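Undergrad: Below are the structure tokens for one structure; questions will follow.
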Amino acid sequence: QKIGPEPAVRDLILATTTSTVDSGLLDLLHPVFEKKTGYRVKTISVGTGQALAMGEKGEADVLLTHAPASEKKLVDAGTVINYRRVMFNDFVLVGPPKDPAGIKGKPSPEALKTIAAKGSVFISRGDDSGTHKKELSVWKKAEVTPAGSKWYLESGQGMGATLRMASEKEAYTLTDRGTYLAQRANLNLDILSEGDRELLNIYHVMQVNHEKFNKVNAAGAKAYVEFMVAPEVQKMIGEFGKEKFGQSLFFPDAGKE
Amino acid sequence: MKPMLEARDLRLTLSGREIFSVEHLVLHKAEVLALVGPNGAGKSSLLLTLALLQKPTSGTIQIDGVAAGNGNLLAIRRRMALVFQDALLLDTTVARNITIPLRIRGLSRKDAADRCEKWLERFGVAHLAKRPARNLSGGEAQRTSLARAFAVEPELLFLDEPFASLDYPTRKVLLEDLGGILEELNMTTLFVTHDYTEIPYLARQVAVLFEGKIVKSGPVVQVFGHGILDRRVWVPWERD
Amino acid sequence: MKPMLEARDLRLTLSGREIFSVEHLVLHKAEVLALVGPNGAGKSSLLLTLALLQKPTSGTIQIDGVAAGNGNLLAIRRRMALVFQDALLLDTTVARNITIPLRIRGLSRKDAADRCEKWLERFGVAHLAKRPARNLSGGEAQRTSLARAFAVEPELLFLDEPFASLDYPTRKVLLEDLGGILEELNMTTLFVTHDYTEIPYLARQVAVLFEGKIVKSGPVVQVFGHGILDRRVWVPWERD
Amino acid sequence: MDVILDGIIEAVRLLISLDREVLQITLLTLQVSGIATLISVLIGIPMGTVLALTGFMGRGFLVSLVNFGMGLPPVVVGLATWLCLTRYGPLGMLGLLYSPAAMIIAQAVIASPIVAGFSMAAIQSVNPKLRLQILSLGATQFQFLFLIIWEARLGILAAVIAGFGGVISEVGASMMVGGNVRGYTRVLTTATVLEVSKGSFEMATALSIILLLLSFSIMASLSYLQQRGRRP
Amino acid sequence: MDVILDGIIEAVRLLISLDREVLQITLLTLQVSGIATLISVLIGIPMGTVLALTGFMGRGFLVSLVNFGMGLPPVVVGLATWLCLTRYGPLGMLGLLYSPAAMIIAQAVIASPIVAGFSMAAIQSVNPKLRLQILSLGATQFQFLFLIIWEARLGILAAVIAGFGGVISEVGASMMVGGNVRGYTRVLTTATVLEVSKGSFEMATALSIILLLLSFSIMASLSYLQQRGRRP
Ligand SMILES: Nc1ncnc2c1ncn2[C@@H]1O[C@H](COP(=O)(O)OP(=O)(O)OP(=O)(O)O)[C@@H](O)[C@H]1O
Ligand SMILES: Nc1ncnc2c1ncn2[C@@H]1O[C@H](COP(=O)(O)OP(=O)(O)OP(=O)(O)O)[C@@H](O)[C@H]1O
Ligand SMILES: [Mg+2]
Ligand SMILES: [Mg+2]
């Protein structure tokens, strides 16, 4: 039961971060969207940096990312419009169950301070992703400059690969809860620090400005943004993962700024 | 009448070495010329050059009154055939080795097969037609290579020691036959050989190449004397 | 005295075809045996088998009284040399083609170079020593291949139409020389040829292979008659 | 090793149940890599032949270019193709990015130098005198090429095998220009990477096994063709 | 195309300023792929030679296995190596995962069948009678191999070029088993992928160009070696 006429431009390019795809959320939502509107979503899952860069160059029609500080620059420059909050989850500090540095239960800046003091191995994504940016801001809060230290490794890879490396090397790392839950079965890592306010991980959806880039599929992008914030979709987001992991991976958040 | 082949001031230099330098060489129509000379004299190289397969360093070659150049190379090559010193067969059956140049020249499948059969028969290798050329014995390969050249019934034929690996009785029978065939088909022929006893069977004229130069040429008996006509050996598997 | 080479019930079948079937073949020490027969008779295949390069389908070969088997193959092969029907040279210089089998046999660099020079000289290709073997003329290649075989001074020598591409005067001189050399070095030799006039220069004994079977063997004159000794041709570039 | 075992079981299950999505991915893989190989054969064999047979100015440079192209990193090809095909890139008007056509282009760019380089080596190893013999048979340029290629068929088939093997197993470029869009440009390699990053090693192993089965059966038939009648 | 231009400028800048990190990455790339190629040469050439020269039961199967290995997807090799080297995997006690050694292992697994397959084709195209001639020179097994390889050197060098080209440009396996750890296992290809995912296309282009320069100069010297004295 499709709504509205056949779209003029059928292909819609969504640039998003790996976490949304790897969790399986978009595989659930997109068939619904496609059926409803007739668009074909080409989901390009890349690093946050690349997703934003694609937006800046007009190479994508719509973005779904989780790096508010960097996104803000695009909004201010008028590169993206219709900037809407969609959902959130949070970042957690994970590490080996033995917890050699003893950070369990400590708030995140303090935990990082302890890790640095003990010289326990910490793995950073080092890829300018939303997670990496968040991690750097926590280090800043902890007043530690980890770069260059022997115990500080930069994996330069996505969250899943970084988690596996941490598990193998019995190291600590910062991860978003969704990816951690999805991969938990294969990992030898426990959540050791969570719940800080600044560890919120907020996802926004936004349209690339068609007035700046003439090839952008404006109608499709608008439809996508509206779809993501629609109440029934928000409900689906909230339900997602409960069955498999016993808890939600994302929390619907539309309309709250 | 225009000569079938005429070369002037033909010179070839490879890797800084002068391989041959021939001022003038003429082959009249239906003439058979034997080319002799010691190893390394440049016979094979000269043959390749005259057959338009090796570009000379300088000089001109006229075929049937027409200067050979880039434009007419293919057309001229199709009037020629060449038997190399070592039989170079394609990696397929004996029969297809014969028919390929015929099909290339536009003969129908049937005509090509007929000719192939005829010439394989003539060179005594008809029984090998279906065999892969790769496994032939030395003599069998050379016969196939000869059959391939004759099957195209060329106007101009180049033979580079074509009988070297043939057994004696075959060679004898062939030599006796081929003279007639060349005449019948009006083939202008240049053939290189080391076995001077072969010469009188086929050629009236002989040219002697020595260190890249033609040092002597003329009628056979004039160059070799009459002794050349005399040769008698028995074939051991034909007696009693 | 044990024979240098003795083969019994030697049979070879390839692709379902019987190539040869030889009941008994003996070569006594220092004996030179000529092997003749029509093209495709199986001469080259027999030679390869006797030289332990082709595994026979059945039968045994004894070298100097010892049965050839997997254990002693290399040792026996080093007592032999083989000249193939087509000169098979390695893609390097002429000189290195000669020295490689010598160095393989443990000769010092100096000894190998000396022998190489000596035999290149003997076969008239000393001037080619530094040339890449790939560009040689047919006769030059065959001479190199001969020099390579003789340079190892083997006890047992196999020659497969070794003179087919040599020019006539060289062939004549070589034939006259080689008889002495073989005798002097006590080389037991089996050689295949199509040119029966070569036989009396080198061999006393001859065996005739026909369709894979030895149909006749014995002293040369007995097999061929006396006509074989008679051959006279002039060398055109040596007169006047 | 449980993962591998589970992967095998999962692969068998997927194959038996003819899982629609896996089937579609497999067909697309074959289609994209097959067409890319075909294109690279059409470009590479003539190119390798020309380089092997003719001497012209700049040939040496071209030869090293081809040899170098054989080692062209798929990632780099992917990046370059991506930059060319983006909306505002030089070929943006074609709108090919994130489509199977884009993957075919990138894969053909990867495979062509491989096919060309190995064809060249194969044809160079044909006895040069045989080339002259073929010319002397009266062959036209085209017939000449056909016969030479026939003589070098062993090596040329190896070239095709290498080209196909190079692209069917490639992931970097396909990922970049195809985008791994589900149901549209997802092929076996990109799907495997996705499953790994999702942490589902069993599924990744299963997809790997399907990819291996696929390329094994194709390689086996090609190598059967190549080795037919060639015993050592 | 601005991106490419900027990339070139950036590459030149990095090269001129001898940027320490880039230098280190480049050296590691050379080291890892060089050693892997060496290992694959030591395994692949003898293996290809044996397959080309001897007939034994199961040879046909082995030949298709090698041909198939030539198309072994790096991703799959990476996955398999990773599974073997993980802490609780069969080789976990070696503690090699996420080290250059692990990358060398994976790359050698990728390159060996390539080298073996092409060596086989090269040696098969040597005139079979020449093999007998070499035996008749009295060569030992080893001398025989040496001489046959010498005759097939054109094709064998092509095999080495292909092997090296395959690994230096590979990214999937290196990423998986090496982990792209900065200053330790980051090579040019993995660094390029990282820069792309950061959205810094200029830096990615610059790294690509350095990789291309590197592989071009190596390929050029190898192909010079190969083509020396071989004019058509
Ligand atoms: N691998 C093979 N498969 C089938 N037949 C073969 C094979 N090798 C050789 N032959 C055949 O065996 C026969 C004997 O070959 P061989 O080379 O021994 O002959 P030959 O007596 O040396 O002949 P020539 O005088 O022409 O050199 C030939 O008919 C040849 O076609
Ligand atoms: N590419 C090349 N570079 C250098 N020298 C060459 C090349 N090709 C041939 N030669 C030399 O040219 C000379 C003539 O060779 P050619 O093959 O024409 O001799 P030929 O008269 O046919 O000798 P044969 O009777 O031995 O066959 C030989 O000395 C040969 O080594
Ligand atoms: Mg010659
Ligand atoms: Mg023979």
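By convention here, the chains of the structure tokens are called A, B, ... in the order presented, each chain's residues are numbered starting at 1, and ligands are numbered starting at 1 in the order presented.
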Dump as a PDB file with N, CA, C and O atoms, in the first residue's frame the residues of chain D that approach chain E to within 7 Å, counting only C-alpha atoms.
TA:
ATOM      1  N   MET D   1      37.966 -23.259  16.349  1.00  0.00           N
ATOM      2  CA  MET D   1      37.621 -23.833  15.057  1.00  0.00           C
ATOM      3  C   MET D   1      36.124 -24.106  14.937  1.00  0.00           C
ATOM      4  O   MET D   1      35.638 -24.446  13.882  1.00  0.00           O
ATOM      5  N   ALA D  52      53.773  -7.860 -27.225  1.00  0.00           N
ATOM      6  CA  ALA D  52      54.705  -8.978 -27.402  1.00  0.00           C
ATOM      7  C   ALA D  52      55.285  -8.982 -28.801  1.00  0.00           C
ATOM      8  O   ALA D  52      56.440  -9.375 -29.000  1.00  0.00           O
ATOM      9  N   LEU D  53      54.504  -8.535 -29.766  1.00  0.00           N
ATOM     10  CA  LEU D  53      54.900  -8.781 -31.150  1.00  0.00           C
ATOM     11  C   LEU D  53      55.475  -7.583 -31.877  1.00  0.00           C
ATOM     12  O   LEU D  53      56.170  -7.752 -32.873  1.00  0.00           O
ATOM     13  N   THR D  54      55.162  -6.381 -31.420  1.00  0.00           N
ATOM     14  CA  THR D  54      55.625  -5.247 -32.204  1.00  0.00           C
ATOM     15  C   THR D  54      56.630  -4.442 -31.412  1.00  0.00           C
ATOM     16  O   THR D  54      56.635  -4.443 -30.185  1.00  0.00           O
ATOM     17  N   GLY D  55      57.491  -3.760 -32.122  1.00  0.00           N
ATOM     18  CA  GLY D  55      58.471  -2.907 -31.462  1.00  0.00           C
ATOM     19  C   GLY D  55      58.180  -1.490 -31.897  1.00  0.00           C
ATOM     20  O   GLY D  55      58.269  -1.171 -33.073  1.00  0.00           O
ATOM     21  N   SER D  64      56.336  -1.655 -18.853  1.00  0.00           N
ATOM     22  CA  SER D  64      56.398  -1.497 -17.391  1.00  0.00           C
ATOM     23  C   SER D  64      55.071  -0.984 -16.855  1.00  0.00           C
ATOM     24  O   SER D  64      54.665  -1.347 -15.753  1.00  0.00           O
ATOM     25  N   ASN D  67      52.959  -4.078 -16.492  1.00  0.00           N
ATOM     26  CA  ASN D  67      53.411  -4.863 -15.351  1.00  0.00           C
ATOM     27  C   ASN D  67      53.025  -4.186 -14.046  1.00  0.00           C
ATOM     28  O   ASN D  67      52.677  -4.837 -13.067  1.00  0.00           O
ATOM     29  N   PHE D  68      53.087  -2.872 -14.079  1.00  0.00           N
ATOM     30  CA  PHE D  68      52.750  -2.091 -12.905  1.00  0.00           C
ATOM     31  C   PHE D  68      51.247  -2.154 -12.658  1.00  0.00           C
ATOM     32  O   PHE D  68      50.788  -2.327 -11.521  1.00  0.00           O
ATOM     33  N   MET D  70      49.441  -4.548 -13.262  1.00  0.00           N
ATOM     34  CA  MET D  70      49.132  -5.848 -12.697  1.00  0.00           C
ATOM     35  C   MET D  70      49.120  -5.797 -11.178  1.00  0.00           C
ATOM     36  O   MET D  70      48.496  -6.626 -10.518  1.00  0.00           O
ATOM     37  N   GLY D  71      49.880  -4.843 -10.651  1.00  0.00           N
ATOM     38  CA  GLY D  71      49.935  -4.731  -9.203  1.00  0.00           C
ATOM     39  C   GLY D  71      49.146  -3.534  -8.701  1.00  0.00           C
ATOM     40  O   GLY D  71      49.323  -3.096  -7.570  1.00  0.00           O
ATOM     41  N   LEU D  72      48.307  -2.996  -9.560  1.00  0.00           N
ATOM     42  CA  LEU D  72      47.507  -1.834  -9.188  1.00  0.00           C
ATOM     43  C   LEU D  72      46.620  -2.201  -8.005  1.00  0.00           C
ATOM     44  O   LEU D  72      45.792  -3.097  -8.096  1.00  0.00           O
ATOM     45  N   PRO D  73      46.778  -1.529  -6.887  1.00  0.00           N
ATOM     46  CA  PRO D  73      45.972  -1.874  -5.714  1.00  0.00           C
ATOM     47  C   PRO D  73      44.495  -1.624  -5.995  1.00  0.00           C
ATOM     48  O   PRO D  73      44.130  -0.529  -6.414  1.00  0.00           O
ATOM     49  N   PRO D  74      43.654  -2.627  -5.786  1.00  0.00           N
ATOM     50  CA  PRO D  74      42.214  -2.453  -5.975  1.00  0.00           C
ATOM     51  C   PRO D  74      41.690  -1.235  -5.221  1.00  0.00           C
ATOM     52  O   PRO D  74      40.815  -0.534  -5.718  1.00  0.00           O
ATOM     53  N   VAL D  76      43.197   1.527  -4.696  1.00  0.00           N
ATOM     54  CA  VAL D  76      43.513   2.737  -5.453  1.00  0.00           C
ATOM     55  C   VAL D  76      42.605   2.839  -6.675  1.00  0.00           C
ATOM     56  O   VAL D  76      42.066   3.902  -6.981  1.00  0.00           O
ATOM     57  N   GLY D  89      32.015  14.546 -10.395  1.00  0.00           N
ATOM     58  CA  GLY D  89      33.264  14.132 -11.036  1.00  0.00           C
ATOM     59  C   GLY D  89      33.110  14.192 -12.542  1.00  0.00           C
ATOM     60  O   GLY D  89      32.025  14.471 -13.059  1.00  0.00           O
ATOM     61  N   ALA D 121      53.522 -12.222 -21.818  1.00  0.00           N
ATOM     62  CA  ALA D 121      54.557 -13.209 -21.492  1.00  0.00           C
ATOM     63  C   ALA D 121      54.305 -14.511 -22.244  1.00  0.00           C
ATOM     64  O   ALA D 121      55.239 -15.139 -22.756  1.00  0.00           O
ATOM     65  N   GLY D 155      49.322 -20.360 -21.800  1.00  0.00           N
ATOM     66  CA  GLY D 155      49.620 -19.172 -21.009  1.00  0.00           C
ATOM     67  C   GLY D 155      48.474 -18.175 -21.013  1.00  0.00           C
ATOM     68  O   GLY D 155      48.231 -17.485 -20.024  1.00  0.00           O
ATOM     69  N   ALA D 162      43.928 -15.760 -14.049  1.00  0.00           N
ATOM     70  CA  ALA D 162      44.441 -14.768 -13.104  1.00  0.00           C
ATOM     71  C   ALA D 162      43.538 -13.549 -13.047  1.00  0.00           C
ATOM     72  O   ALA D 162      43.260 -13.011 -11.973  1.00  0.00           O
ATOM     73  N   GLY D 165      40.324 -14.545 -11.296  1.00  0.00           N
ATOM     74  CA  GLY D 165      40.627 -14.742  -9.879  1.00  0.00           C
ATOM     75  C   GLY D 165      40.850 -13.423  -9.168  1.00  0.00           C
ATOM     76  O   GLY D 165      40.478 -13.249  -8.013  1.00  0.00           O
ATOM     77  N   GLY D 166      41.476 -12.489  -9.894  1.00  0.00           N
ATOM     78  CA  GLY D 166      41.761 -11.193  -9.290  1.00  0.00           C
ATOM     79  C   GLY D 166      40.492 -10.418  -8.962  1.00  0.00           C
ATOM     80  O   GLY D 166      40.412  -9.758  -7.929  1.00  0.00           O
ATOM     81  N   SER D 169      37.655 -12.118  -6.342  1.00  0.00           N
ATOM     82  CA  SER D 169      38.055 -12.180  -4.946  1.00  0.00           C
ATOM     83  C   SER D 169      38.331 -10.798  -4.367  1.00  0.00           C
ATOM     84  O   SER D 169      38.699 -10.661  -3.219  1.00  0.00           O
ATOM     85  N   GLU D 170      38.149  -9.800  -5.198  1.00  0.00           N
ATOM     86  CA  GLU D 170      38.523  -8.441  -4.822  1.00  0.00           C
ATOM     87  C   GLU D 170      37.423  -7.828  -3.956  1.00  0.00           C
ATOM     88  O   GLU D 170      36.245  -8.067  -4.162  1.00  0.00           O
ATOM     89  N   SER D 208      32.079 -17.160   2.696  1.00  0.00           N
ATOM     90  CA  SER D 208      33.416 -17.457   2.163  1.00  0.00           C
ATOM     91  C   SER D 208      33.411 -18.810   1.478  1.00  0.00           C
ATOM     92  O   SER D 208      33.996 -18.982   0.406  1.00  0.00           O
ATOM     93  N   SER D 215      34.414 -20.109  -6.969  1.00  0.00           N
ATOM     94  CA  SER D 215      35.627 -19.841  -7.733  1.00  0.00           C
ATOM     95  C   SER D 215      36.365 -21.152  -7.975  1.00  0.00           C
ATOM     96  O   SER D 215      36.968 -21.337  -9.023  1.00  0.00           O
ATOM     97  N   PHE D 216      36.244 -22.102  -7.058  1.00  0.00           N
ATOM     98  CA  PHE D 216      36.911 -23.387  -7.286  1.00  0.00           C
ATOM     99  C   PHE D 216      36.338 -24.080  -8.515  1.00  0.00           C
ATOM    100  O   PHE D 216      37.077 -24.574  -9.361  1.00  0.00           O
ATOM    101  N   MET D 219      37.533 -22.147 -11.609  1.00  0.00           N
ATOM    102  CA  MET D 219      38.960 -22.356 -11.836  1.00  0.00           C
ATOM    103  C   MET D 219      39.222 -23.772 -12.305  1.00  0.00           C
ATOM    104  O   MET D 219      40.071 -24.014 -13.152  1.00  0.00           O
ATOM    105  N   ALA D 220      38.507 -24.729 -11.721  1.00  0.00           N
ATOM    106  CA  ALA D 220      38.745 -26.120 -12.091  1.00  0.00           C
ATOM    107  C   ALA D 220      38.389 -26.341 -13.552  1.00  0.00           C
ATOM    108  O   ALA D 220      39.129 -26.997 -14.279  1.00  0.00           O
ATOM    109  N   SER D 223      41.070 -24.674 -15.598  1.00  0.00           N
ATOM    110  CA  SER D 223      42.369 -25.352 -15.583  1.00  0.00           C
ATOM    111  C   SER D 223      42.247 -26.715 -16.242  1.00  0.00           C
ATOM    112  O   SER D 223      43.222 -27.243 -16.780  1.00  0.00           O
ATOM    113  N   PRO D 232      52.902 -34.057 -18.315  1.00  0.00           N
ATOM    114  CA  PRO D 232      54.286 -33.579 -18.261  1.00  0.00           C
ATOM    115  C   PRO D 232      55.237 -34.460 -19.068  1.00  0.00           C
ATOM    116  O   PRO D 232      54.904 -35.544 -19.433  1.00  0.00           O
TER     117      PRO D 232
END
Undergrad: Set the cut-off to 7 Å, count only C-alpha atoms and all ligand atoms, and list whatever residues fall near ligand 2 as an MDAnalysis selection string.
TA: (chainID B and resid 14:15 17 19 37:46) or (chainID C and resid 135:140 165:167)
Undergrad: For the selection just defined, write its residues with N, CA, C and O atoms to a file, as a CSV table (one decimal), in the first residue's frame.
TA:
chain,number,residue,atom,x,y,z
B,14,LEU,N,72.4,-7.5,-38.4
B,14,LEU,CA,71.7,-7.8,-37.2
B,14,LEU,C,72.8,-7.8,-36.0
B,14,LEU,O,73.9,-8.2,-36.2
B,15,SER,N,72.4,-7.2,-34.9
B,15,SER,CA,73.3,-7.0,-33.8
B,15,SER,C,74.6,-6.5,-34.2
B,15,SER,O,75.7,-7.0,-33.8
B,17,ARG,N,76.2,-7.0,-36.9
B,17,ARG,CA,77.0,-7.9,-37.8
B,17,ARG,C,76.3,-7.9,-39.1
B,17,ARG,O,75.1,-8.1,-39.3
B,19,ILE,N,75.0,-9.7,-42.1
B,19,ILE,CA,74.7,-11.1,-42.3
B,19,ILE,C,74.8,-11.4,-43.8
B,19,ILE,O,75.4,-12.4,-44.1
B,37,GLY,N,76.3,-23.0,-49.8
B,37,GLY,CA,77.3,-22.2,-49.1
B,37,GLY,C,77.5,-22.8,-47.7
B,37,GLY,O,76.7,-23.6,-47.2
B,38,PRO,N,78.6,-22.5,-47.1
B,38,PRO,CA,78.9,-23.1,-45.8
B,38,PRO,C,78.0,-22.7,-44.7
B,38,PRO,O,77.2,-21.7,-44.9
B,39,ASN,N,78.0,-23.3,-43.6
B,39,ASN,CA,77.2,-23.0,-42.4
B,39,ASN,C,77.5,-21.5,-42.0
B,39,ASN,O,78.6,-21.1,-41.9
B,40,GLY,N,76.4,-20.8,-41.8
B,40,GLY,CA,76.6,-19.4,-41.3
B,40,GLY,C,76.8,-18.4,-42.4
B,40,GLY,O,77.1,-17.3,-42.2
B,41,ALA,N,76.7,-18.9,-43.7
B,41,ALA,CA,77.0,-18.0,-44.8
B,41,ALA,C,75.9,-17.0,-44.9
B,41,ALA,O,76.1,-15.9,-45.5
B,42,GLY,N,74.7,-17.3,-44.4
B,42,GLY,CA,73.6,-16.3,-44.5
B,42,GLY,C,72.5,-16.8,-45.4
B,42,GLY,O,71.6,-16.0,-45.8
B,43,LYS,N,72.5,-18.0,-45.8
B,43,LYS,CA,71.5,-18.6,-46.7
B,43,LYS,C,70.1,-18.4,-46.1
B,43,LYS,O,69.2,-17.9,-46.8
B,44,SER,N,69.9,-18.9,-44.9
B,44,SER,CA,68.6,-18.9,-44.3
B,44,SER,C,68.1,-17.4,-44.2
B,44,SER,O,66.9,-17.1,-44.4
B,45,SER,N,69.0,-16.6,-43.8
B,45,SER,CA,68.6,-15.2,-43.6
B,45,SER,C,68.2,-14.6,-44.9
B,45,SER,O,67.3,-13.8,-45.0
B,46,LEU,N,69.0,-14.9,-46.0
B,46,LEU,CA,68.7,-14.4,-47.3
B,46,LEU,C,67.3,-14.9,-47.7
B,46,LEU,O,66.5,-14.1,-48.2
C,135,ASN,N,70.6,-17.2,-31.6
C,135,ASN,CA,70.7,-16.7,-32.9
C,135,ASN,C,71.5,-17.5,-33.9
C,135,ASN,O,71.8,-17.0,-35.0
C,136,LEU,N,71.9,-18.7,-33.5
C,136,LEU,CA,72.8,-19.4,-34.4
C,136,LEU,C,72.1,-19.9,-35.7
C,136,LEU,O,70.9,-20.1,-35.7
C,137,SER,N,72.8,-20.1,-36.7
C,137,SER,CA,72.3,-20.7,-37.9
C,137,SER,C,72.1,-22.2,-37.6
C,137,SER,O,72.7,-22.7,-36.7
C,138,GLY,N,71.3,-22.9,-38.5
C,138,GLY,CA,71.1,-24.3,-38.3
C,138,GLY,C,72.4,-25.1,-38.1
C,138,GLY,O,72.5,-25.9,-37.2
C,139,GLY,N,73.3,-24.9,-39.0
C,139,GLY,CA,74.5,-25.7,-39.0
C,139,GLY,C,75.4,-25.3,-37.8
C,139,GLY,O,76.0,-26.2,-37.1
C,140,GLU,N,75.4,-24.0,-37.4
C,140,GLU,CA,76.2,-23.6,-36.3
C,140,GLU,C,75.6,-24.2,-35.0
C,140,GLU,O,76.4,-24.7,-34.1
C,165,SER,N,72.6,-31.0,-40.9
C,165,SER,CA,72.6,-29.6,-41.3
C,165,SER,C,74.0,-29.0,-41.6
C,165,SER,O,74.2,-27.8,-41.8
C,166,LEU,N,75.0,-29.9,-41.6
C,166,LEU,CA,76.4,-29.4,-41.8
C,166,LEU,C,76.6,-29.2,-43.3
C,166,LEU,O,76.1,-30.0,-44.1
C,167,ASP,N,77.4,-28.2,-43.6
C,167,ASP,CA,77.8,-28.1,-45.0
C,167,ASP,C,78.7,-29.2,-45.5
C,167,ASP,O,79.4,-29.8,-44.6
Undergrad: For chain E against chain C, which residues fall within 9 Å using only C-alpha atoms, given as a PyMOL selection string?
TA: chain E and resi 129-130+132-141+143+147+150-151
Undergrad: Would you output that residue set with N, CA and C atoms, as a short mmCIF file (atom, residue, chain, number, x, y, z; two decimals), in the first residue's frame?
TA:
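Below is the file out13.cif, written as the result:
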data_model
loop_
_atom_site.label_atom_id
_atom_site.label_comp_id
_atom_site.auth_asym_id
_atom_site.auth_seq_id
_atom_site.Cartn_x
_atom_site.Cartn_y
_atom_site.Cartn_z
N LYS E 129 61.45 -31.48 -25.09
CA LYS E 129 62.68 -32.18 -25.48
C LYS E 129 63.91 -31.55 -24.83
N LEU E 130 63.82 -30.24 -24.58
CA LEU E 130 64.94 -29.59 -23.93
C LEU E 130 65.13 -30.15 -22.52
N LEU E 132 64.71 -33.21 -21.68
CA LEU E 132 65.49 -34.45 -21.83
C LEU E 132 66.95 -34.11 -22.11
N GLN E 133 67.16 -33.10 -22.95
CA GLN E 133 68.53 -32.71 -23.25
C GLN E 133 69.26 -32.33 -21.97
N ILE E 134 68.59 -31.61 -21.11
CA ILE E 134 69.25 -31.19 -19.87
C ILE E 134 69.57 -32.40 -19.00
N LEU E 135 68.63 -33.32 -18.92
CA LEU E 135 68.91 -34.55 -18.17
C LEU E 135 70.13 -35.25 -18.76
N SER E 136 70.19 -35.27 -20.08
CA SER E 136 71.28 -36.01 -20.72
C SER E 136 72.62 -35.32 -20.53
N LEU E 137 72.60 -34.06 -20.08
CA LEU E 137 73.87 -33.39 -19.78
C LEU E 137 74.45 -33.92 -18.48
N GLY E 138 73.68 -34.74 -17.78
CA GLY E 138 74.18 -35.31 -16.53
C GLY E 138 73.83 -34.47 -15.32
N ALA E 139 72.77 -33.66 -15.45
CA ALA E 139 72.41 -32.77 -14.35
C ALA E 139 71.78 -33.56 -13.20
N THR E 140 72.13 -33.19 -11.98
CA THR E 140 71.42 -33.72 -10.82
C THR E 140 70.04 -33.09 -10.80
N GLN E 141 69.19 -33.64 -9.94
CA GLN E 141 67.85 -33.09 -9.78
C GLN E 141 67.91 -31.57 -9.64
N GLN E 143 70.43 -29.41 -10.28
CA GLN E 143 70.96 -28.70 -11.44
C GLN E 143 69.93 -28.64 -12.55
N LEU E 147 68.48 -25.28 -14.28
CA LEU E 147 68.57 -24.99 -15.71
C LEU E 147 67.18 -24.79 -16.34
N TRP E 150 65.99 -21.48 -15.42
CA TRP E 150 66.69 -20.50 -16.24
C TRP E 150 66.01 -20.34 -17.60
N GLU E 151 65.66 -21.46 -18.21
CA GLU E 151 65.02 -21.40 -19.52
C GLU E 151 63.65 -20.73 -19.44
#
Undergrad: How many Å lie between atom CA of Thr81 of chain E and atom CA of Met175 of chain E, rounded to one decimal?
TA: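 Taking atom CA of Thr81 of chain E and atom CA of Met175 of chain E, their separation equals 11.6 Å.
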Undergrad: Just list as number ranges by chain whatever in segment 4-211 of chain B DSSP marks as helix (DSSP H, G or I).
TA: B: 43-50, 73-77, 94-104, 109-122, 126-128, 133-135, 138-151, 168-184, 196-202
Undergrad: Hey, can you check how far atom CA of Ile43 of chain E sits from atom CA of Leu188 of chain E?
TA: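 Answer for the atom CA of Ile43 of chain E to atom CA of Leu188 of chain E separation: 25.7 Å.
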Undergrad: May I have the residues within 12 Å of Lys118 of chain B as a list of chain:residue names, using only C-alpha atoms and disregarding those fewer than 5 positions away in the same chain?
TA: B:Ala95, B:Ile98, B:Thr99, B:Asp111, B:Ala112, B:Ala113, B:Phe123, B:Gly124, B:Val125, B:Ala126, B:His127, B:Ala129, B:Ala147, B:Arg148, B:Phe150, B:Ala151, B:Val152, B:Glu153
Undergrad: Run DSSP on the backbone and grab whatever in segment 54-166 of chain A lands in strand (DSSP E); send it over as a PyMOL selection string.
TA: chain A and resi 62-65+80-95+122-124+152-154
Undergrad: So which residues touch Ser112 of chain D within 8 Å, counting only C-alpha atoms, skipping near sequence neighbours fewer than 2 positions away, as a PyMOL selection string?
TA: chain D and resi 37+39-41+43-44+108-110+114-116+163
Undergrad: Have a look at A:Leu200, A:Ala15, A:Met206, A:Val92 and name the one nearest to Phe227 of chain A; count only C-alpha atoms.
TA: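 Selected residue with least distance to Phe227 of chain A: A:Met206.
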